[in-house]
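Colleague: This is the content of coords28.txt (compact mmCIF, C-alpha atoms):
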# COMPACT_ATOMS: atom_id res chain seq x y z
CA MET A 7 7.78 7.96 12.19
CA PRO A 8 11.43 7.99 13.34
CA LEU A 9 13.51 4.85 13.12
CA LYS A 10 15.57 3.40 15.93
CA LYS A 11 18.93 1.70 15.61
CA LEU A 12 19.43 -1.20 17.98
CA ARG A 13 22.52 -1.92 20.03
CA PRO A 14 24.53 -4.45 17.97
CA LEU A 15 24.47 -7.24 20.53
CA THR A 16 23.75 -9.85 17.84
CA PRO A 17 24.53 -10.04 14.11
CA GLY A 18 20.83 -9.60 13.32
CA GLN A 19 20.71 -6.31 15.22
CA ARG A 20 23.84 -4.83 13.65
CA THR A 21 22.14 -3.56 10.49
CA ALA A 22 18.57 -3.41 11.75
CA LEU A 23 16.63 -0.14 11.52
CA ARG A 24 13.17 -0.56 12.96
CA PRO A 25 10.26 1.82 13.61
CA ASP A 26 9.95 3.06 17.16
CA PHE A 27 6.11 3.14 16.99
CA ALA A 28 6.11 6.39 18.94
CA GLU A 29 3.09 7.64 17.03
CA LEU A 30 0.89 4.69 18.08
CA THR A 31 -1.56 5.40 20.89
CA ARG A 32 -3.35 2.06 21.18
CA ARG A 33 -2.08 -1.51 21.20
CA GLU A 34 -5.18 -3.67 20.68
CA PRO A 35 -7.54 -3.07 17.71
CA GLU A 36 -11.23 -2.23 17.98
CA LYS A 37 -12.98 -5.62 18.28
CA SER A 38 -15.99 -4.57 16.23
CA LEU A 39 -13.75 -3.67 13.27
CA VAL A 40 -11.66 -6.83 12.92
CA VAL A 41 -12.34 -10.20 11.32
CA GLY A 42 -10.31 -13.37 11.10
CA LYS A 43 -7.89 -13.74 8.22
CA ARG A 44 -7.06 -17.17 6.88
CA ALA A 45 -3.54 -17.68 5.58
CA THR A 46 -3.45 -18.98 2.00
CA ALA A 47 0.32 -19.50 1.67
CA GLY A 48 0.11 -18.39 -1.96
CA ARG A 49 -2.28 -21.19 -2.98
CA ASN A 50 -5.60 -21.03 -4.81
CA VAL A 51 -8.82 -22.90 -4.01
CA ARG A 52 -7.39 -26.08 -5.55
CA GLY A 53 -4.28 -25.97 -3.38
CA LYS A 54 -1.95 -25.08 -6.25
CA ILE A 55 0.81 -22.53 -5.66
CA THR A 56 -0.08 -19.43 -7.67
CA VAL A 57 2.27 -17.01 -5.87
CA ARG A 58 5.69 -18.38 -4.98
CA HIS A 59 7.67 -17.67 -1.83
CA ARG A 60 4.65 -17.22 0.45
CA GLY A 61 3.82 -19.11 3.62
CA GLY A 62 4.26 -19.18 7.36
CA GLY A 63 4.29 -15.94 9.26
CA VAL A 64 2.44 -14.84 12.36
CA LYS A 65 -1.35 -14.86 12.64
CA ARG A 66 -3.13 -11.64 11.70
CA LEU A 67 -6.52 -10.06 12.14
CA LEU A 68 -7.94 -8.16 9.20
CA ARG A 69 -8.82 -4.56 10.04
CA LEU A 70 -11.89 -3.29 8.19
CA VAL A 71 -10.58 -0.02 6.77
CA ASP A 72 -13.08 2.43 5.27
CA PHE A 73 -11.73 3.22 1.81
CA LYS A 74 -15.08 4.48 0.48
CA ARG A 75 -15.40 7.40 2.91
CA ASP A 76 -19.15 7.39 2.25
CA LYS A 77 -20.17 8.79 5.63
CA THR A 78 -20.62 12.28 4.22
CA GLY A 79 -21.38 15.38 6.24
CA VAL A 80 -20.77 13.70 9.62
CA PRO A 81 -17.69 14.89 11.55
CA GLY A 82 -15.62 12.43 13.49
CA ARG A 83 -12.86 12.66 16.09
CA VAL A 84 -9.63 10.66 15.87
CA GLU A 85 -9.51 8.37 18.90
CA SER A 86 -6.22 6.59 18.24
CA ILE A 87 -3.44 5.88 15.74
CA GLU A 88 -2.86 2.14 15.40
CA TYR A 89 -0.64 -0.42 13.72
CA ASP A 90 -2.04 -2.54 10.90
CA PRO A 91 -0.09 -5.72 10.08
CA ASN A 92 -1.76 -5.96 6.66
CA ARG A 93 -0.38 -2.69 5.22
CA SER A 94 2.62 -0.40 5.48
CA ALA A 95 0.60 2.65 6.53
CA ARG A 96 -0.82 3.37 9.95
CA ILE A 97 -4.57 3.52 10.52
CA ALA A 98 -6.67 5.94 12.54
CA LEU A 99 -9.70 4.97 14.59
CA VAL A 100 -12.38 7.64 14.11
CA LEU A 101 -15.41 8.05 16.37
CA TYR A 102 -18.29 9.86 14.63
CA ILE A 103 -20.80 11.99 16.50
CA ASP A 104 -23.53 9.38 15.87
CA GLY A 105 -21.48 6.77 17.80
CA GLU A 106 -20.12 4.76 14.86
CA ARG A 107 -16.43 3.93 14.66
CA ARG A 108 -14.43 3.41 11.49
CA TYR A 109 -10.81 2.86 10.52
CA HIS A 110 -9.20 5.29 8.05
CA LEU A 111 -5.73 5.51 6.57
CA ALA A 112 -3.73 7.88 8.78
CA PRO A 113 -2.18 10.72 6.73
CA GLN A 114 0.93 12.59 7.72
CA GLY A 115 0.21 15.08 10.49
CA LEU A 116 -3.07 13.56 11.70
CA GLU A 117 -3.12 13.34 15.50
CA VAL A 118 -5.44 12.11 18.22
CA GLY A 119 -8.20 14.62 18.86
CA ASN A 120 -8.29 15.99 15.31
CA THR A 121 -11.61 16.20 13.49
CA VAL A 122 -12.10 14.61 10.05
CA MET A 123 -15.04 14.65 7.68
CA ALA A 124 -15.97 13.47 4.22
CA GLY A 125 -18.20 15.10 1.62
CA PRO A 126 -18.50 18.33 -0.36
CA ASP A 127 -18.79 20.42 2.84
CA ALA A 128 -15.46 19.25 4.27
CA GLU A 129 -12.45 21.55 4.48
CA VAL A 130 -9.37 20.91 2.36
CA ARG A 131 -7.06 19.62 5.08
CA PRO A 132 -5.27 16.30 5.79
CA GLY A 133 -7.64 13.47 6.62
CA ASN A 134 -10.73 14.95 4.97
CA ALA A 135 -12.19 13.30 1.85
CA LEU A 136 -13.73 15.39 -0.94
CA PRO A 137 -14.71 14.97 -4.58
CA LEU A 138 -11.84 15.86 -6.90
CA ARG A 139 -13.85 18.74 -8.37
CA LEU A 140 -13.58 20.53 -4.99
CA ILE A 141 -9.87 19.87 -4.38
CA PRO A 142 -7.62 22.71 -5.62
CA THR A 143 -4.88 21.97 -8.14
CA GLY A 144 -1.48 21.36 -6.61
CA THR A 145 -2.96 19.59 -3.56
CA GLN A 146 -1.49 16.30 -2.39
CA VAL A 147 -4.07 13.51 -2.16
CA HIS A 148 -4.23 9.78 -1.49
CA ASN A 149 -6.81 6.96 -1.41
CA ILE A 150 -8.13 7.96 -4.85
CA GLU A 151 -11.16 6.33 -6.43
CA LEU A 152 -11.18 5.11 -10.03
CA GLN A 153 -14.96 4.89 -10.19
CA PRO A 154 -17.35 7.00 -8.09
CA GLY A 155 -18.58 5.09 -5.06
CA ARG A 156 -16.24 2.14 -5.50
CA GLY A 157 -13.75 3.20 -2.85
CA GLY A 158 -10.15 4.32 -3.00
CA GLN A 159 -7.87 2.05 -5.00
CA MET A 160 -4.78 4.14 -5.74
CA VAL A 161 -2.07 5.74 -3.57
CA ARG A 162 -2.57 3.88 -0.29
CA SER A 163 0.96 2.81 0.74
CA ALA A 164 3.08 4.41 3.43
CA GLY A 165 4.62 7.76 2.55
CA VAL A 166 3.07 8.14 -0.92
CA ALA A 167 0.99 10.99 -2.30
CA ALA A 168 -0.44 12.02 -5.66
CA GLU A 169 -0.85 15.58 -6.96
CA VAL A 170 -3.85 17.16 -8.65
CA VAL A 171 -2.24 18.75 -11.73
CA VAL A 172 -5.13 20.18 -13.75
CA LYS A 173 -8.88 19.83 -14.28
CA GLU A 174 -10.43 19.73 -17.73
CA ALA A 175 -13.46 18.29 -19.53
CA GLY A 176 -14.92 16.57 -16.46
CA TYR A 177 -11.64 14.93 -15.45
CA ALA A 178 -8.77 15.72 -13.12
CA VAL A 179 -5.24 14.88 -14.23
CA ILE A 180 -3.44 13.20 -11.34
CA ARG A 181 0.32 12.77 -11.09
CA LEU A 182 0.78 9.39 -9.40
CA PRO A 183 3.83 8.52 -7.25
CA SER A 184 5.24 6.52 -10.18
CA GLY A 185 5.28 9.65 -12.35
CA GLU A 186 2.36 8.54 -14.50
CA LEU A 187 -0.26 11.14 -15.39
CA ARG A 188 -3.79 9.76 -15.33
CA ARG A 189 -7.26 11.16 -15.83
CA VAL A 190 -9.76 10.54 -13.04
CA SER A 191 -13.39 11.64 -13.00
CA LEU A 192 -14.08 14.79 -10.99
CA ALA A 193 -16.88 12.89 -9.22
CA CYS A 194 -14.40 10.48 -7.63
CA MET A 195 -13.42 10.93 -4.00
CA ALA A 196 -9.88 11.46 -2.74
CA THR A 197 -8.43 12.09 0.70
CA VAL A 198 -6.29 15.16 1.27
CA GLY A 199 -2.70 14.74 2.44
CA GLN A 200 0.22 12.36 2.24
CA VAL A 201 -0.04 8.87 3.72
CA GLY A 202 1.82 8.65 7.02
CA ASN A 203 4.69 6.41 8.11
CA VAL A 204 7.00 8.05 5.58
CA ASP A 205 10.14 6.32 6.91
CA HIS A 206 8.81 2.87 6.10
CA LYS A 207 11.03 2.62 3.02
CA ASN A 208 14.17 3.34 5.10
CA ALA A 209 13.60 0.53 7.61
CA SER A 210 15.90 -2.51 7.57
CA ARG A 211 14.83 -5.85 9.01
CA GLY A 212 18.38 -6.91 9.83
CA LYS A 213 17.88 -10.67 9.61
CA ALA A 214 16.03 -13.28 7.59
CA GLY A 215 13.83 -14.27 10.51
CA ARG A 216 12.03 -10.93 10.41
CA THR A 217 11.10 -11.58 6.79
CA ARG A 218 9.79 -15.04 7.66
CA LEU A 219 7.53 -13.49 10.31
CA LEU A 220 5.91 -11.49 7.51
CA GLY A 221 5.03 -14.70 5.67
CA ARG A 222 7.70 -14.46 2.99
CA ARG A 223 9.74 -17.57 2.28
CA PRO A 224 13.22 -17.58 0.74
CA SER A 225 13.70 -17.15 -2.99
CA VAL A 226 16.49 -18.78 -4.98
CA ARG A 227 18.22 -17.57 -8.14
CA GLY A 228 17.31 -19.44 -11.28
CA SER A 229 20.96 -19.85 -12.30
CA VAL A 230 21.62 -22.17 -9.36
CA MET A 231 18.67 -24.43 -10.17
CA SER A 232 18.61 -27.44 -12.42
CA PRO A 233 17.49 -27.12 -16.07
CA ARG A 234 14.19 -28.84 -15.30
CA ASP A 235 13.35 -26.23 -12.63
CA HIS A 236 14.38 -23.03 -14.41
CA PRO A 237 15.50 -21.95 -17.91
CA HIS A 238 18.62 -20.36 -16.38
CA GLY A 239 19.67 -23.58 -14.66
CA GLY A 240 22.37 -26.06 -15.59
CA GLY A 241 25.99 -25.71 -16.56
CA GLU A 242 29.21 -26.03 -14.62
CA GLY A 243 29.85 -23.41 -11.98
CA ARG A 244 28.65 -19.86 -12.53
CA SER A 245 27.88 -20.25 -16.20
CA PRO A 246 25.92 -17.67 -18.22
CA ILE A 247 22.23 -18.29 -18.77
CA GLY A 248 22.79 -18.91 -22.47
CA MET A 249 19.98 -16.77 -23.87
CA PRO A 250 19.55 -13.17 -25.06
CA GLY A 251 17.52 -12.11 -22.05
CA PRO A 252 16.40 -13.48 -18.69
CA LYS A 253 13.24 -15.56 -18.43
CA THR A 254 10.79 -16.53 -15.75
CA PRO A 255 10.55 -20.16 -14.58
CA TRP A 256 7.81 -20.63 -17.20
CA GLY A 257 9.89 -19.31 -20.11
CA LYS A 258 8.36 -15.85 -20.40
CA PRO A 259 10.61 -12.79 -20.86
CA ALA A 260 11.42 -11.35 -17.43
CA LEU A 261 12.54 -7.85 -18.49
CA GLY A 262 10.94 -5.52 -21.00
CA TYR A 263 7.83 -7.66 -21.35
CA ARG A 264 4.67 -5.60 -21.10
CA THR A 265 1.94 -7.25 -19.07
CA ARG A 266 -0.73 -4.56 -19.35
CA ARG A 267 -3.85 -5.90 -21.04
CA ARG A 268 -6.54 -3.34 -20.19
CA LYS A 269 -6.56 -1.47 -23.47
CA ARG A 270 -9.93 0.13 -22.76
CA THR A 271 -8.42 2.24 -19.96
CA ASP A 272 -5.54 3.58 -22.08
CA VAL A 273 -7.65 6.64 -22.86
CA PHE A 274 -7.24 7.71 -19.21
CA ARG A 275 -3.43 7.62 -19.33
CA VAL A 276 -1.98 10.99 -20.27
CA ARG A 277 1.64 9.95 -19.86
CA ARG A 278 3.19 6.63 -18.91
CA ARG A 279 5.47 6.33 -15.94
CA PRO A 280 9.12 6.91 -16.88
Could you write out this file's structure as structure tokens?
Modeller:
Amino acid sequence: MPLKKLRPLTPGQRTALRPDFAELTRREPEKSLVVGKRATAGRNVRGKITVRHRGGGVKRLLRLVDFKRDKTGVPGRVESIEYDPNRSARIALVLYIDGERRYHLAPQGLEVGNTVMAGPDAEVRPGNALPLRLIPTGTQVHNIELQPGRGGQMVRSAGVAAEVVVKEAGYAVIRLPSGELRRVSLACMATVGQVGNVDHKNASRGKAGRTRLLGRRPSVRGSVMSPRDHPHGGGEGRSPIGMPGPKTPWGKPALGYRTRRRKRTDVFRVRRRP
């Protein structure tokens, strides 16, 4: 996905780098594969803000993407490559030979007219989903399951890919984009290839209004708040925060504070991310 630089007619266009959407082949989504999405503005069922700096933004429809890839042994043809406002990657509309349509994550190199398939009989090529026991070592994969049949949960963002390093004792060791090495059962499914839209990380919105359209509200530094609103607040001018390390608005350490609590899954981590 190449990026386009706009003519600097306004200050907001001077630093903007936006996708040209040249790879998209369809503008409107498939009606049978979308549902309404209600905006929560970062609030829970009681109306309390649980995630700050969320709200506003344009209305969206939720695309029903098939992360499970459980339609095994049935080939499908890619009808279109589409934009999904709910994720950084592009999605592909696949028409199977039995007439069913499904959305898949579009890997790098997948084009309209290509054939994709899932299952043990599928070839090892981008867009096909296979069990990890059938994927050769050194292959780039994405949309990786953590439990067989649950659906892909890892490596789904634009431009990312994991690598199958080695297989041993019923598990495959996967090198994740973060650098972490993790064991995943050989019965879990993964899709071959790198997720498309690789230039997503290089795009620049250019102005604050583009961020507001995404539903992200402004954030403010704690040091410019009052002491009742943030531990860093108070003082005259640009005063230091007055503590050994930075804290969150609720007084928790902000840096170097481990938040991982799932000790039972530590046995699957071969090496932590650097």
Colleague: Neighbouring residues of A:Arg107 were defined as those with any atom within 12 Å, considering only C-alpha atoms; residues of the same chain fewer than 6 positions away were excluded. Please report them as a ChimeraX atom specification.
Modeller: /A:35-40,70-72,77,80-86,98-101
Colleague: With C-alpha atoms retained, export the selected residues as a compact mmCIF listing (two decimals), in the frame of the given file.
Modeller:
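Okay, out_31.txt is ready:
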# COMPACT_ATOMS: atom_id res chain seq x y z
CA PRO A 35 -7.54 -3.07 17.71
CA GLU A 36 -11.23 -2.23 17.98
CA LYS A 37 -12.98 -5.62 18.28
CA SER A 38 -15.99 -4.57 16.23
CA LEU A 39 -13.75 -3.67 13.27
CA VAL A 40 -11.66 -6.83 12.92
CA LEU A 70 -11.89 -3.29 8.19
CA VAL A 71 -10.58 -0.02 6.77
CA ASP A 72 -13.08 2.43 5.27
CA LYS A 77 -20.17 8.79 5.63
CA VAL A 80 -20.77 13.70 9.62
CA PRO A 81 -17.69 14.89 11.55
CA GLY A 82 -15.62 12.43 13.49
CA ARG A 83 -12.86 12.66 16.09
CA VAL A 84 -9.63 10.66 15.87
CA GLU A 85 -9.51 8.37 18.90
CA SER A 86 -6.22 6.59 18.24
CA ALA A 98 -6.67 5.94 12.54
CA LEU A 99 -9.70 4.97 14.59
CA VAL A 100 -12.38 7.64 14.11
CA LEU A 101 -15.41 8.05 16.37
Colleague: Determine the nearest neighbour of A:Glu129 from the options A:Gly79, A:Arg234, A:Val41, A:Gly144, counting all atoms listed in the file.
Modeller: A:Gly79
Colleague: Need to verify the contact set: A:Ala47, 7 Å, all atoms listed in the file, exclusion of same-chain residues closer than 4 positions in sequence. Can you return it as a list in words?
Modeller: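 Here the answer would be Arg60, Gly61 and Gly62 of chain A.
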Colleague: Could you jot down the atom CA of A:Ala45 to atom CA of A:Gly63 separation for me, Å, one decimal place?
Modeller: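 Calculated distance between atom CA of A:Ala45 and atom CA of A:Gly63 is 8.8 Å.
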Colleague: Excluding stretch 18-28 of chain A and its own-chain neighbours fewer than 5 positions away, which residues fall within 9 Å of it when counting only C-alpha atoms? Please give them as a PyMOL selection string.
Modeller: chain A and resi 7-13+89+205-206+208-215
